[in-house]
Structures are given as structure tokens and as C-alpha cells.
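Undergrad: Next comes target17.txt, compact mmCIF, C-alpha atoms:
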# COMPACT_ATOMS: atom_id res chain seq x y z
CA MET D 1 121.07 125.83 76.83
CA PRO D 2 117.77 124.70 75.30
CA SER D 3 116.93 125.88 71.83
CA THR D 4 113.76 127.77 71.01
CA ARG D 5 112.46 124.67 69.34
CA ASP D 6 112.87 122.58 72.51
CA ILE D 7 110.97 125.14 74.52
CA ARG D 8 108.21 125.36 71.93
CA ARG D 9 107.82 121.62 72.13
CA ARG D 10 107.63 121.67 75.90
CA ILE D 11 105.02 124.42 75.88
CA LYS D 12 102.93 122.35 73.54
CA SER D 13 103.14 119.26 75.71
CA VAL D 14 102.29 121.17 78.89
CA LYS D 15 99.34 122.75 77.08
CA ASN D 16 98.03 119.30 76.20
CA THR D 17 98.36 118.15 79.80
CA ALA D 18 96.54 121.25 80.99
CA GLN D 19 93.72 120.53 78.58
CA ILE D 20 93.32 117.00 79.90
CA THR D 21 93.42 118.00 83.57
CA LYS D 22 90.95 120.79 82.86
CA ALA D 23 88.54 118.30 81.27
CA MET D 24 88.96 115.93 84.22
CA GLN D 25 88.33 118.80 86.58
CA LEU D 26 85.05 119.62 84.87
CA VAL D 27 83.93 116.00 84.89
CA ALA D 28 84.84 115.65 88.57
CA ALA D 29 83.03 118.89 89.39
CA ALA D 30 79.82 117.63 87.80
CA LYS D 31 80.06 114.30 89.59
CA MET D 32 80.99 116.03 92.81
CA LYS D 33 77.80 118.09 92.83
CA LYS D 34 75.70 114.95 92.49
CA ALA D 35 77.66 112.95 95.04
CA GLN D 36 77.57 115.78 97.55
CA ASP D 37 73.83 116.18 97.21
CA GLN D 38 73.32 112.46 97.59
CA ALA D 39 75.46 112.34 100.72
CA ALA D 40 73.79 115.40 102.23
CA ASN D 41 70.28 114.06 101.60
CA GLY D 42 70.84 110.77 103.35
CA ARG D 43 72.67 112.24 106.28
CA ALA D 44 69.68 113.38 108.35
CA TYR D 45 68.16 109.91 108.19
CA ALA D 46 71.33 108.06 109.09
CA GLU D 47 72.06 110.45 111.95
CA LEU D 48 68.61 110.23 113.45
CA MET D 49 68.54 106.45 113.08
CA ASN D 50 71.87 106.22 114.87
CA LYS D 51 70.71 108.55 117.61
CA VAL D 52 67.52 106.58 118.25
CA LEU D 53 69.27 103.23 118.28
CA VAL D 54 72.05 104.36 120.59
CA SER D 55 69.48 105.65 123.06
CA LEU D 56 67.58 102.38 122.76
CA ARG D 57 70.73 100.40 123.39
CA GLU D 58 70.95 101.78 126.91
CA ASN D 59 67.42 100.68 127.65
CA ALA D 60 67.46 97.36 125.87
CA GLU D 61 67.65 94.26 127.98
CA GLU D 62 70.83 92.29 127.89
CA GLY D 63 70.95 89.90 124.95
CA VAL D 64 67.83 91.17 123.22
CA HIS D 65 69.67 91.40 119.92
CA PRO D 66 73.20 90.25 118.97
CA PHE D 67 73.98 93.61 117.33
CA PHE D 68 73.97 95.39 120.68
CA ASN D 69 76.82 93.37 122.17
CA GLU D 70 80.35 92.48 121.24
CA GLY D 71 80.83 89.04 119.76
CA THR D 72 82.52 86.36 121.83
CA GLY D 73 85.48 86.00 119.44
CA ASN D 74 88.56 88.18 119.48
CA LYS D 75 88.65 89.08 115.79
CA THR D 76 87.90 92.46 114.29
CA LEU D 77 86.31 92.97 110.91
CA VAL D 78 87.25 96.16 109.07
CA LEU D 79 85.39 97.53 106.08
CA LEU D 80 87.73 99.74 104.08
CA ILE D 81 86.05 102.09 101.62
CA ALA D 82 88.41 103.71 99.10
CA SER D 83 88.12 104.88 95.50
CA ASP D 84 88.34 102.84 92.32
CA LYS D 85 90.50 105.31 90.47
CA GLY D 86 93.54 107.35 91.35
CA LEU D 87 94.38 110.95 90.47
CA CYS D 88 92.54 112.27 93.46
CA GLY D 89 95.34 113.76 95.50
CA ALA D 90 96.31 112.27 98.84
CA LEU D 91 92.79 110.96 99.50
CA ASN D 92 93.54 107.25 99.61
CA THR D 93 97.02 107.63 101.06
CA ASN D 94 95.66 109.58 104.01
CA LEU D 95 92.96 106.99 104.56
CA PHE D 96 95.43 104.09 104.60
CA LYS D 97 97.73 106.03 106.89
CA ALA D 98 94.88 106.54 109.34
CA LEU D 99 94.15 102.83 109.21
CA ILE D 100 97.78 101.84 109.80
CA ASN D 101 98.17 104.33 112.65
CA LYS D 102 95.12 102.96 114.41
CA GLN D 103 96.42 100.02 116.39
CA ILE D 104 93.65 97.46 116.34
CA PRO D 105 94.27 94.72 118.90
CA GLY D 106 93.73 91.06 118.06
CA GLU D 107 93.32 89.42 114.69
CA VAL D 108 92.01 91.72 111.99
CA GLU D 109 90.23 90.76 108.77
CA TYR D 110 89.32 93.11 105.97
CA ILE D 111 86.44 93.70 103.57
CA THR D 112 87.06 96.24 100.85
CA ILE D 113 85.13 98.49 98.51
CA GLY D 114 87.14 100.04 95.70
CA LYS D 115 90.16 98.87 93.71
CA LYS D 116 92.58 101.07 95.60
CA ALA D 117 91.49 99.46 98.86
CA VAL D 118 92.16 95.93 97.54
CA GLN D 119 95.59 96.98 96.33
CA ALA D 120 96.45 98.54 99.67
CA ILE D 121 95.35 95.49 101.67
CA ASN D 122 97.36 93.19 99.42
CA ARG D 123 100.41 95.42 99.64
CA LEU D 124 100.18 95.50 103.42
CA ARG D 125 99.79 91.70 103.47
CA ARG D 126 96.63 91.75 105.56
CA THR D 127 93.83 89.20 105.47
CA LEU D 128 91.22 90.03 102.87
CA VAL D 129 87.93 88.16 103.22
CA ALA D 130 85.83 89.88 100.57
CA ASP D 131 85.92 92.65 98.01
CA PHE D 132 82.80 94.32 96.67
CA PRO D 133 82.96 96.35 93.48
CA ILE D 134 80.49 99.22 93.66
CA LYS D 135 79.72 101.30 90.63
CA ASP D 136 79.56 105.03 90.49
CA PRO D 137 77.14 106.53 91.44
CA ALA D 138 76.57 104.06 94.26
CA ARG D 139 73.21 102.32 94.25
CA PHE D 140 71.53 101.04 97.38
CA PRO D 141 70.95 97.42 96.21
CA ASP D 142 74.70 97.03 95.56
CA VAL D 143 75.55 98.28 99.02
CA ARG D 144 72.87 96.15 100.66
CA VAL D 145 74.88 93.09 99.65
CA VAL D 146 77.83 94.43 101.63
CA GLY D 147 75.61 95.13 104.63
CA LYS D 148 74.20 91.61 104.47
CA PHE D 149 77.67 90.11 104.34
CA ILE D 150 78.79 92.10 107.38
CA GLN D 151 75.71 91.07 109.34
CA ASP D 152 76.17 87.39 108.53
CA LYS D 153 79.81 87.59 109.60
CA PHE D 154 78.97 89.36 112.83
CA ARG D 155 76.19 86.94 113.70
CA THR D 156 78.66 84.05 113.76
CA GLY D 157 80.02 85.57 116.97
CA GLU D 158 83.63 85.22 115.83
CA TYR D 159 84.04 88.94 115.64
CA LYS D 160 84.28 91.26 118.58
CA GLN D 161 83.48 94.34 116.53
CA VAL D 162 83.06 95.70 113.02
CA LEU D 163 84.89 98.88 112.10
CA VAL D 164 84.47 101.01 109.00
CA CYS D 165 87.34 103.05 107.62
CA PHE D 166 86.16 105.70 105.18
CA ASN D 167 86.64 109.28 104.06
CA ASN D 168 84.21 111.55 105.82
CA PHE D 169 83.05 114.42 103.66
CA ILE D 170 83.03 117.74 105.50
CA ASN D 171 83.29 120.20 102.64
CA THR D 172 84.95 120.37 99.25
CA VAL D 173 88.39 121.10 100.64
CA THR D 174 88.16 119.34 104.00
CA ILE D 175 87.93 115.58 104.10
CA SER D 176 88.71 113.61 107.19
CA PRO D 177 89.74 109.96 107.16
CA THR D 178 87.53 108.35 109.79
CA ILE D 179 87.36 105.01 111.54
CA GLU D 180 84.02 104.24 113.16
CA LYS D 181 82.60 101.28 115.01
CA LEU D 182 79.58 100.01 113.11
CA LEU D 183 78.76 96.98 115.26
CA PRO D 184 77.91 96.65 118.07
CA VAL D 185 75.63 99.67 117.60
CA ASN D 186 77.59 102.80 118.39
CA PRO D 187 77.43 106.53 117.82
CA VAL D 188 78.97 107.29 114.42
CA THR D 189 80.29 110.45 112.84
CA LEU D 190 78.81 111.39 109.48
CA GLY D 191 79.58 114.47 107.47
CA GLY D 192 82.27 115.43 109.96
CA LYS D 193 79.96 115.95 112.87
CA ARG D 194 78.80 113.66 115.55
CA ASP D 195 75.35 114.91 116.13
CA TRP D 196 75.02 113.28 119.49
CA VAL D 197 77.80 112.15 121.78
CA GLY D 198 77.43 108.64 123.04
CA VAL D 199 77.51 106.80 126.29
CA GLY D 200 80.93 105.27 125.87
CA ASP D 201 82.92 108.46 126.35
CA GLY D 202 80.82 109.67 129.26
CA SER D 203 80.01 112.95 127.57
CA ALA D 204 76.36 112.29 126.84
CA PRO D 205 74.15 115.30 127.44
CA ALA D 206 72.23 115.17 130.70
CA GLU D 207 68.82 114.84 129.12
CA ALA D 208 69.88 111.78 127.16
CA LYS D 209 70.97 110.03 130.32
CA VAL D 210 67.47 110.02 131.74
CA ASP D 211 66.41 106.45 132.12
CA ARG D 212 63.41 105.92 129.94
CA LEU D 213 61.56 102.70 130.15
CA TYR D 214 60.36 102.17 126.64
CA THR D 215 57.44 100.00 125.79
CA PHE D 216 58.04 98.03 122.63
CA GLU D 217 55.26 97.18 120.27
CA PRO D 218 54.74 94.27 119.58
CA ASN D 219 57.94 93.42 121.52
CA ALA D 220 61.55 94.49 121.67
CA ALA D 221 62.93 91.52 119.76
CA ALA D 222 60.52 92.02 116.84
CA VAL D 223 61.27 95.73 116.59
CA PHE D 224 65.03 95.23 116.67
CA ASP D 225 64.86 92.34 114.25
CA SER D 226 63.23 94.51 111.65
CA VAL D 227 65.17 97.70 112.33
CA LEU D 228 68.77 96.67 113.00
CA PRO D 229 69.52 94.97 109.66
CA GLN D 230 68.06 98.01 107.95
CA TYR D 231 70.22 100.22 110.13
CA VAL D 232 73.42 98.41 109.18
CA ASN D 233 72.61 98.64 105.47
CA ASP D 234 71.65 102.29 105.64
CA THR D 235 74.72 103.26 107.61
CA VAL D 236 77.08 101.44 105.27
CA TYR D 237 75.32 103.08 102.33
CA GLN D 238 75.68 106.51 103.88
CA MET D 239 79.38 105.86 104.52
CA VAL D 240 79.85 104.85 100.88
CA LEU D 241 78.10 108.06 99.83
CA GLU D 242 80.37 110.12 102.08
CA SER D 243 83.38 108.39 100.54
CA ARG D 244 82.16 109.03 97.02
CA ALA D 245 81.52 112.69 97.74
CA SER D 246 85.02 112.93 99.20
CA GLU D 247 86.55 111.19 96.21
CA HIS D 248 85.01 113.48 93.62
CA SER D 249 85.72 116.61 95.62
CA SER D 250 89.27 115.54 96.16
CA ARG D 251 89.74 114.78 92.48
CA MET D 252 88.24 118.09 91.50
CA VAL D 253 90.64 119.95 93.79
CA ALA D 254 93.63 117.88 92.63
CA MET D 255 92.81 118.49 88.99
CA LYS D 256 92.25 122.18 89.58
CA ASN D 257 95.70 122.40 91.16
CA ALA D 258 97.21 120.49 88.26
CA THR D 259 95.58 122.84 85.75
CA ASP D 260 96.78 125.89 87.67
CA ASN D 261 100.30 124.52 87.86
CA ALA D 262 100.33 123.75 84.15
CA LYS D 263 99.17 127.28 83.36
CA GLN D 264 101.92 128.74 85.52
CA MET D 265 104.44 126.53 83.75
CA ILE D 266 103.23 127.68 80.35
CA LYS D 267 103.65 131.25 81.50
CA ASP D 268 107.22 130.65 82.71
CA LEU D 269 108.17 128.75 79.59
CA SER D 270 106.70 131.40 77.30
CA LEU D 271 108.72 134.04 79.09
CA GLU D 272 111.89 132.04 78.63
CA TYR D 273 111.02 131.39 75.00
CA ASN D 274 110.47 135.08 74.29
CA LYS D 275 113.72 136.01 76.01
CA LEU D 276 115.60 133.48 73.87
CA ARG D 277 113.93 134.76 70.72
CA GLN D 278 114.80 138.36 71.60
CA ALA D 279 118.42 137.36 72.26
CA ALA D 280 118.61 135.59 68.90
CA ILE D 281 117.21 138.63 67.05
CA THR D 282 119.60 140.98 68.82
CA ASN D 283 122.46 138.69 67.90
CA GLU D 284 121.48 138.64 64.25
CA LEU D 285 121.14 142.41 64.15
CA LEU D 286 124.58 142.76 65.71
CA GLU D 287 126.06 140.45 63.13
CA ILE D 288 124.45 142.36 60.27
CA THR D 289 125.65 145.71 61.56
CA THR D 290 129.17 144.46 62.19
CA ALA D 291 129.33 142.89 58.76
CA LYS D 292 128.12 146.13 57.16
CA MET D 293 130.66 148.19 59.14
CA ALA D 294 133.47 145.85 58.08
CA LEU D 295 132.56 146.30 54.42
CA GLU D 296 132.65 150.11 54.53
CA MET W 1 52.82 121.54 126.05
CA PRO W 2 53.15 120.65 122.37
CA LEU W 3 54.89 117.65 120.88
CA LYS W 4 58.06 117.85 118.85
CA LEU W 5 57.70 115.88 115.64
CA GLU W 6 60.56 114.79 113.39
CA ILE W 7 59.98 112.91 110.14
CA VAL W 8 63.02 111.85 108.16
CA THR W 9 63.24 109.63 105.09
CA SER W 10 66.37 108.18 103.57
CA GLU W 11 66.30 110.95 100.97
CA ALA W 12 65.42 114.04 102.94
CA ARG W 13 64.07 115.61 106.08
CA VAL W 14 60.33 115.91 105.55
CA PHE W 15 59.33 117.57 108.79
CA PRO W 16 60.04 120.09 110.24
CA THR W 17 60.43 121.90 106.95
CA LYS W 18 62.83 124.73 106.28
CA ASP W 19 61.40 128.22 105.88
CA ALA W 20 62.45 130.75 103.25
CA ASP W 21 65.64 131.68 105.13
CA GLY W 22 66.71 128.05 105.28
CA LYS W 23 66.05 127.92 109.01
CA LEU W 24 64.53 124.76 110.39
CA GLY W 25 61.02 125.10 111.79
CA SER W 26 60.33 124.24 115.42
CA GLY W 27 58.43 121.09 114.48
CA MET W 28 55.94 121.56 117.28
CA VAL W 29 52.59 119.85 116.76
CA ASP W 30 49.55 119.16 118.95
CA SER W 31 48.96 115.53 118.10
CA VAL W 32 50.10 112.76 115.77
CA LEU W 33 48.17 109.81 114.42
CA LEU W 34 50.29 107.08 112.89
CA PRO W 35 50.05 103.46 111.69
CA GLY W 36 51.96 101.32 114.19
CA SER W 37 52.64 97.61 113.95
CA ASP W 38 49.69 96.84 116.27
CA GLY W 39 47.25 99.24 114.65
CA GLU W 40 46.68 102.98 114.58
CA LEU W 41 48.32 104.98 117.28
CA GLY W 42 47.27 108.41 118.46
CA VAL W 43 49.99 110.35 120.24
CA LEU W 44 49.41 113.34 122.48
CA PRO W 45 51.99 115.19 124.58
CA MET W 46 53.30 113.27 127.61
CA HIS W 47 52.76 109.92 125.93
CA ALA W 48 54.57 107.03 127.60
CA PRO W 49 57.91 106.17 125.94
CA LEU W 50 57.22 103.68 123.17
CA VAL W 51 59.09 102.21 120.26
CA THR W 52 57.34 100.50 117.40
CA THR W 53 57.71 99.76 113.73
CA LEU W 54 55.80 101.85 111.24
CA GLN W 55 53.48 100.20 108.72
CA PRO W 56 52.71 101.65 105.30
CA GLY W 57 49.68 103.87 105.70
CA GLU W 58 48.67 107.37 106.67
CA LEU W 59 50.23 109.65 109.20
CA ARG W 60 48.29 112.68 110.34
CA PHE W 61 49.53 115.49 112.54
CA SER W 62 47.72 118.64 113.57
CA ILE W 63 48.97 122.09 114.44
CA GLY W 64 46.43 124.46 115.99
CA GLY W 65 43.44 122.54 114.66
CA LYS W 66 44.83 122.31 111.13
CA SER W 67 45.75 118.78 110.19
CA THR W 68 48.10 117.47 107.54
CA ASP W 69 48.05 114.00 106.00
CA LEU W 70 51.10 112.15 104.78
CA ALA W 71 51.39 108.76 103.13
CA VAL W 72 54.22 106.87 104.81
CA GLY W 73 56.12 103.66 104.16
CA GLU W 74 57.75 101.19 106.50
CA GLY W 75 60.00 102.43 109.25
CA LEU W 76 60.65 103.02 112.90
CA VAL W 77 58.88 105.27 115.41
CA GLU W 78 60.29 106.43 118.69
CA ILE W 79 57.86 108.14 121.03
CA THR W 80 59.01 109.94 124.16
CA GLN W 81 57.17 112.30 126.44
CA GLU W 82 58.55 115.27 124.54
CA GLY W 83 58.23 114.15 120.99
CA VAL W 84 57.89 111.71 118.15
CA ARG W 85 60.64 110.65 115.78
CA VAL W 86 59.61 108.92 112.60
CA LEU W 87 62.15 107.20 110.36
CA THR W 88 60.68 105.84 107.17
CA ASP W 89 61.50 105.06 103.56
CA MET W 90 58.71 107.28 102.24
CA ALA W 91 56.68 110.27 103.39
CA VAL W 92 54.60 112.13 100.82
CA ASP W 93 52.17 114.95 101.38
CA ALA W 94 48.65 114.11 100.18
CA ASP W 95 48.64 117.09 97.84
CA ALA W 96 51.90 116.01 96.25
CA ILE W 97 50.66 112.55 95.27
CA ASP W 98 50.27 112.12 91.55
CA GLU W 99 47.53 109.51 91.36
CA LYS W 100 48.24 108.47 87.80
CA ALA W 101 51.96 108.03 88.36
CA VAL W 102 51.32 106.00 91.50
CA GLU W 103 48.86 103.76 89.68
CA GLU W 104 51.40 103.14 86.97
CA ALA W 105 54.07 102.36 89.53
CA LEU W 106 51.68 99.92 91.20
CA GLU W 107 51.02 98.21 87.87
CA ARG W 108 54.72 97.90 87.17
CA ALA W 109 55.43 96.53 90.62
CA LYS W 110 52.67 93.93 90.33
CA LYS W 111 53.96 92.89 86.94
CA SER W 112 57.52 92.43 88.13
CA LEU W 113 56.26 90.52 91.15
CA ALA W 114 54.55 88.07 88.82
CA GLU W 115 57.79 87.61 86.92
CA LEU W 116 59.88 86.98 90.01
CA LYS W 117 59.81 83.46 91.34
CA PRO W 118 59.08 83.43 95.05
CA GLY W 119 61.76 81.85 97.16
CA GLU W 120 64.49 82.45 94.64
CA GLN W 121 65.14 86.13 94.90
CA GLN W 122 63.83 86.94 98.33
CA GLU W 123 65.39 90.35 98.48
CA GLU W 124 63.84 91.49 95.21
CA VAL W 125 60.47 90.10 96.17
CA ALA W 126 60.63 91.97 99.47
CA ALA W 127 61.60 95.18 97.69
CA VAL W 128 58.73 94.88 95.22
CA MET W 129 56.26 94.04 97.98
CA ALA W 130 57.36 97.15 99.86
CA MET W 131 56.87 99.17 96.67
CA ILE W 132 53.32 97.81 96.29
CA GLN W 133 52.50 98.62 99.90
CA ARG W 134 53.85 102.12 99.53
CA SER W 135 51.87 102.77 96.35
CA THR W 136 48.69 101.37 97.88
CA ALA W 137 49.10 103.59 100.92
CA GLN W 138 49.42 106.63 98.68
CA LEU W 139 46.34 105.71 96.65
CA HIS W 140 44.24 105.08 99.75
CA LEU W 141 45.09 108.47 101.15
CA LYS W 142 44.40 110.28 97.90
CA ARG W 143 41.06 108.57 97.26
CA LYS W 144 39.87 108.99 100.82
CA ARG W 145 40.47 112.71 100.63
CA ARG W 146 38.44 113.03 97.48
CA THR W 147 35.35 111.33 98.90
CA VAL W 148 35.31 113.48 102.02
Once more with this new file: its structure as C-alpha cells, please.

TA:
Amino acid sequence: MPSTRDIRRRIKSVKNTAQITKAMQLVAAAKMKKAQDQAANGRAYAELMNKVLVSLRENAEEGVHPFFNEGTGNKTLVLLIASDKGLCGALNTNLFKALINKQIPGEVEYITIGKKAVQAINRLRRTLVADFPIKDPARFPDVRVVGKFIQDKFRTGEYKQVLVCFNNFINTVTISPTIEKLLPVNPVTLGGKRDWVGVGDGSAPAEAKVDRLYTFEPNAAAVFDSVLPQYVNDTVYQMVLESRASEHSSRMVAMKNATDNAKQMIKDLSLEYNKLRQAAITNELLEITTAKMALE
Amino acid sequence: MPLKLEIVTSEARVFPTKDADGKLGSGMVDSVLLPGSDGELGVLPMHAPLVTTLQPGELRFSIGGKSTDLAVGEGLVEITQEGVRVLTDMAVDADAIDEKAVEEALERAKKSLAELKPGEQQEEVAAVMAMIQRSTAQLHLKRKRRTV
């Protein structure tokens, strides 16, 4: 049976933990607001860009730009975006699970963003070709480097496709681990919704299927040359933003749960402590009364 | 039949704007005038499908005879018979341009361009050049409006 002193000590330690998790919750909440706004602001642009390019892909002539077709090689390049820090619930675990469950045929190589992603790839003994540290909050020039690297890799033709595995931010409590095909140009899901369903799954809305013969000014190659690299960079950036928003939301929720649990524990321990104290007092009183009665 | 116009920048949706209830406007306009890669481009309903890159300059659209000017940056334009989609890195309403701030930004950009060595940091040079073009486009629009 624990003594009152033991319980007092435990209460104190739990209180300290609660204080720390509470502080982390507040920090995460502040960062979350910013990250969510950032992700939400860029979403319209990335979605529309994707929509336009996917519709152009149908009309583009064969071989007008390498980003519209699969490479000749059999390899797959996967960009894995995870967080730098832990203590954010099952966020990263769920993401890695989704990646493992997705059976990608052929040889797979990985690019990572975030320390947790590097650790996971090393633990799984997969091939890591590059790791990019990206600060928080994410800045576009940092991400552009990643986009450039992916484009250079894809242009070699060794890779059949480029996939991105990231946490899609839907709302503060719902985050869905998502794997999307970045290259060749494909419809992607951002913010949990695919604004327009693509050609591949045959569910494109009727109006989008109308064959439009676009005129390109000055010509198709020039337009795609200037737009597609930008598209890759923007999309990767948006995916990083979604991941960051997910990370901070997830951490906020995890820390809130931790704080709540600690508070409950303090309550339970205090109850036990008070019971013990009462019992001790009753015991003492009994002893005093019995001693007095024995004397009389 | 009006045209449906959509203008989106990497930061926000510029047009159609949301009304007080947070509902998106219809985005219907009568005509759009925009700076394409091969010169100015006037778009009316039932225009032939066209895709072009957007150059920094002025974009004007009119609704019921009332026209609005925007300064735009580089980007992509998709024109179909039903509408126009503009994707750009900047779109500022003429009234929202702060001339002094833009001038300062232009100065800064020119200064940093002089410091950068061409050929060495291509990406930075390109970014600064884009900044200069954007600022110039804003200034042009603002000054033109004043002289009218």
C-alpha cells in the first residue's frame, strides 16, 4: 500500500507533465492556425492548375512534353513527406503503414522530407536517394529545390512514375494518409477532396470529355515548358503545406489528449490521497480514544 | 451568353470573390482583356479554345459596362468557349496598389539584381527578374489610371 508521501510525489510529477503538455498544446495550436491558413490559401491554385493540366493532357499530342508520359524505365520514385518531430500521435505511423500497404511494383527509390521519414526508410531498408530538410514554416524556395530534383530525375527516363506519400489535411481531427501520382501529370487529391475526377478511372464528368482542340500560343511545347516545371514545384509545395497542417493539428490533438489524461489522473490520485489521509486520521482518533478508555 | 472568369493566385482566389455570406460569386463577365505571350488578347464569349502563358501586365474584365483593372504577374491562361481560367503568381486590384511600397520593392529588387552575379545563381536571378516585372506592371497600371 502506497504511503501518502508516495502519492503526493506522484501527483506532483503528473502535474508537471500536464503543464508541459499544456504548453506544447498551446504552441501547436498557434502553429496549426498558421499552417492551416497557408494550406487553405494555396489549395485553390493547386487544384485549378491540376484541373487545367489534366484536361490539356487529353488534348496534347503524343510526346509534346516528357511529363505527360510514363518514363521508359521500370523504377518508381516516391517522395515521402513526414514530420521532423514526434509527439504527434499516430500521424507518421499511419503514413508509413499506408506506404507499406501500397504494393508498388518494380524497383522503388525514395526521396524524403522530414527526419521521421528518413528514419522510417532506413528502418525498412529501402533505397534512399535524397533527403531534404525543410524548415518550419515551409518556404517556397526550399521546396523548389525538391521539385527541381524530382524533375531532373524524371527527365532521365529511368522512372516510370513519381508518387508522393503525404498526410492530407481534411480538418483538425481528420487527416488522411494519401499516396498520389505526381508525374506523369495526373489528377491529385488535395485537402481531402478531388475536385475533378480524372480520365484514368473513367468517371470524368461528361462535359470534361468533350474533345476540345486547343490552340496554343505561341506553341504547345513552349507553353508546357514554362508551365509544367512550375506545376511540379507548386504541387509539391502544396503537399508539404498539407503535411505541415496535418502535423500541427495532429500534435495539438495529441497534446490535448495528454493534458486531459493527466488531469484525470491527478483527480484520481487526489481522491486516493484524501481517502488515505482520512483513514490515517480515523486511525489516530481511534488510538487516542482507546488509550483514554484504557486509562480510566 | 456571358463568360465565366476564374482568377487564382498561389495565395488566394482573386475572382470570383466571396460575398458577405461567404458564398462564391458566379464569376460571370462580359469580356476579358489580358496580356498573352503573343500580345494583348481580347476574349469574348464563344472564343475558340486557346491556351497561352500570361505575361506581367494588365488584365481588364467588364461586367455590364463596368470594367475592372488588375495588375497580373506571370502565369497560365486557359480559354474555352464557356470561360477563362487565369493562374498567376500575382493579381492586384488597381485601387489596392500602394505606389510607394511598389516603388520601394522595385528599388530593392534592382539593387539585389546588381549584387547577384548572372549565370551563377540562375534561380535567384529569375526570381528577382519576375519581381521587377511584377512591380513594373503594377506601376504602369497605377500611373495610367491617374493620367486618364

Undergrad: Please compute the CA of Arg85 (chain W)-CA of Pro49 (chain W) distance, one decimal, in Å.

TA: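 These two atoms are separated by 11.4 Å.
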
Undergrad: Determine, for each residue of chain D having at least one atom at most 6 Å from an atom of chain W, the closest pair of atoms and their separation in Å to one decimal, counting only C-alpha atoms; order by chain and ascending number, as CSV.

TA:
residue,atom,partner,partner_atom,distance
D:Asn41,CA,W:Ala12,CA,5.0
D:Gly42,CA,W:Glu11,CA,5.1
D:Tyr45,CA,W:Ser10,CA,5.2
D:Tyr214,CA,W:Pro49,CA,4.7
D:Thr215,CA,W:Leu50,CA,4.5
D:Phe216,CA,W:Val51,CA,4.9
D:Glu217,CA,W:Thr52,CA,4.9

Undergrad: CA of Ile81 (chain D) to CA of Phe166 (chain D): how many Å, to one decimal?

TA: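 Spanning CA of Ile81 (chain D) to CA of Phe166 (chain D) is a straight-line distance of 5.1 Å.
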
Undergrad: List the neighbours of Ser26 (chain W) out to 12 Å using all atoms listed in the file; skip same-chain residues closer than 2 positions along the sequence, and give me the result as a PyMOL selection string.

TA: chain W and resi 2-6+15-19+23-24+28-29+63+83

Undergrad: Restricting the calculation to all atoms listed in the file: of D:Gly114, D:Pro229, D:Gly106, D:Pro184, which residue gets closest to Arg144 (chain D)?

TA: D:Pro229

Undergrad: Record the distance separating CA of Met255 (chain D) and CA of Thr21 (chain D), expressed in Å with one decimal.

TA: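 Computing the Euclidean distance for CA of Met255 (chain D) and CA of Thr21 (chain D) yields 5.5 Å.
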
Undergrad: Excluding region 92-107 of chain W and residues on its chain fewer than 2 positions from it, collect all residues at most 8 Å away from it, counting all atoms listed in the file, and give them as a PyMOL selection string.

TA: chain W and resi 68-72+90+109-111+131-132+135-136+138-139+141-142

Undergrad: Would you kindly identify which residues have an atom no farther than 12 Å from (96.4, 88.9, 106.1), using only C-alpha atoms and the file's own coordinates, and write them out as a PyMOL selection string?

TA: chain D and resi 77+107-111+118+120-130

Undergrad: Tell me which protein, DNA and RNA residues are within 7 Å of Lys115 (chain D), counting all atoms listed in the file, leaving out same-chain ones fewer than 2 positions away, and put them as number ranges by chain.

TA: D: 83-84, 113, 117-119

Undergrad: Region 31-44 of chain D, all listed atoms, 6 Å padding on each side: what axis-aligned box centre and edge lengths in Å to one decimal come out, as AutoDock Vina command-line options?

TA:
--center_x 75.3 --center_y 114.4 --center_z 99.0 --size_x 23.3 --size_y 19.3 --size_z 30.8

Undergrad: Can you list every residue of region 211-235 of chain D that has an atom at most 9 Å from region 146-164 of chain D, with its nearest atom pair and the distance in Å to one decimal, using only C-alpha atoms, ordered by chain then number, as a tab-separated table?

TA:
residue	atom	partner	partner_atom	distance
D:Pro229	CA	D:Gln151	CA	7.3
D:Gln230	CA	D:Gly147	CA	8.7
D:Val232	CA	D:Gly147	CA	6.0
D:Asn233	CA	D:Gly147	CA	4.7
D:Asp234	CA	D:Gly147	CA	8.2
D:Thr235	CA	D:Gly147	CA	8.7
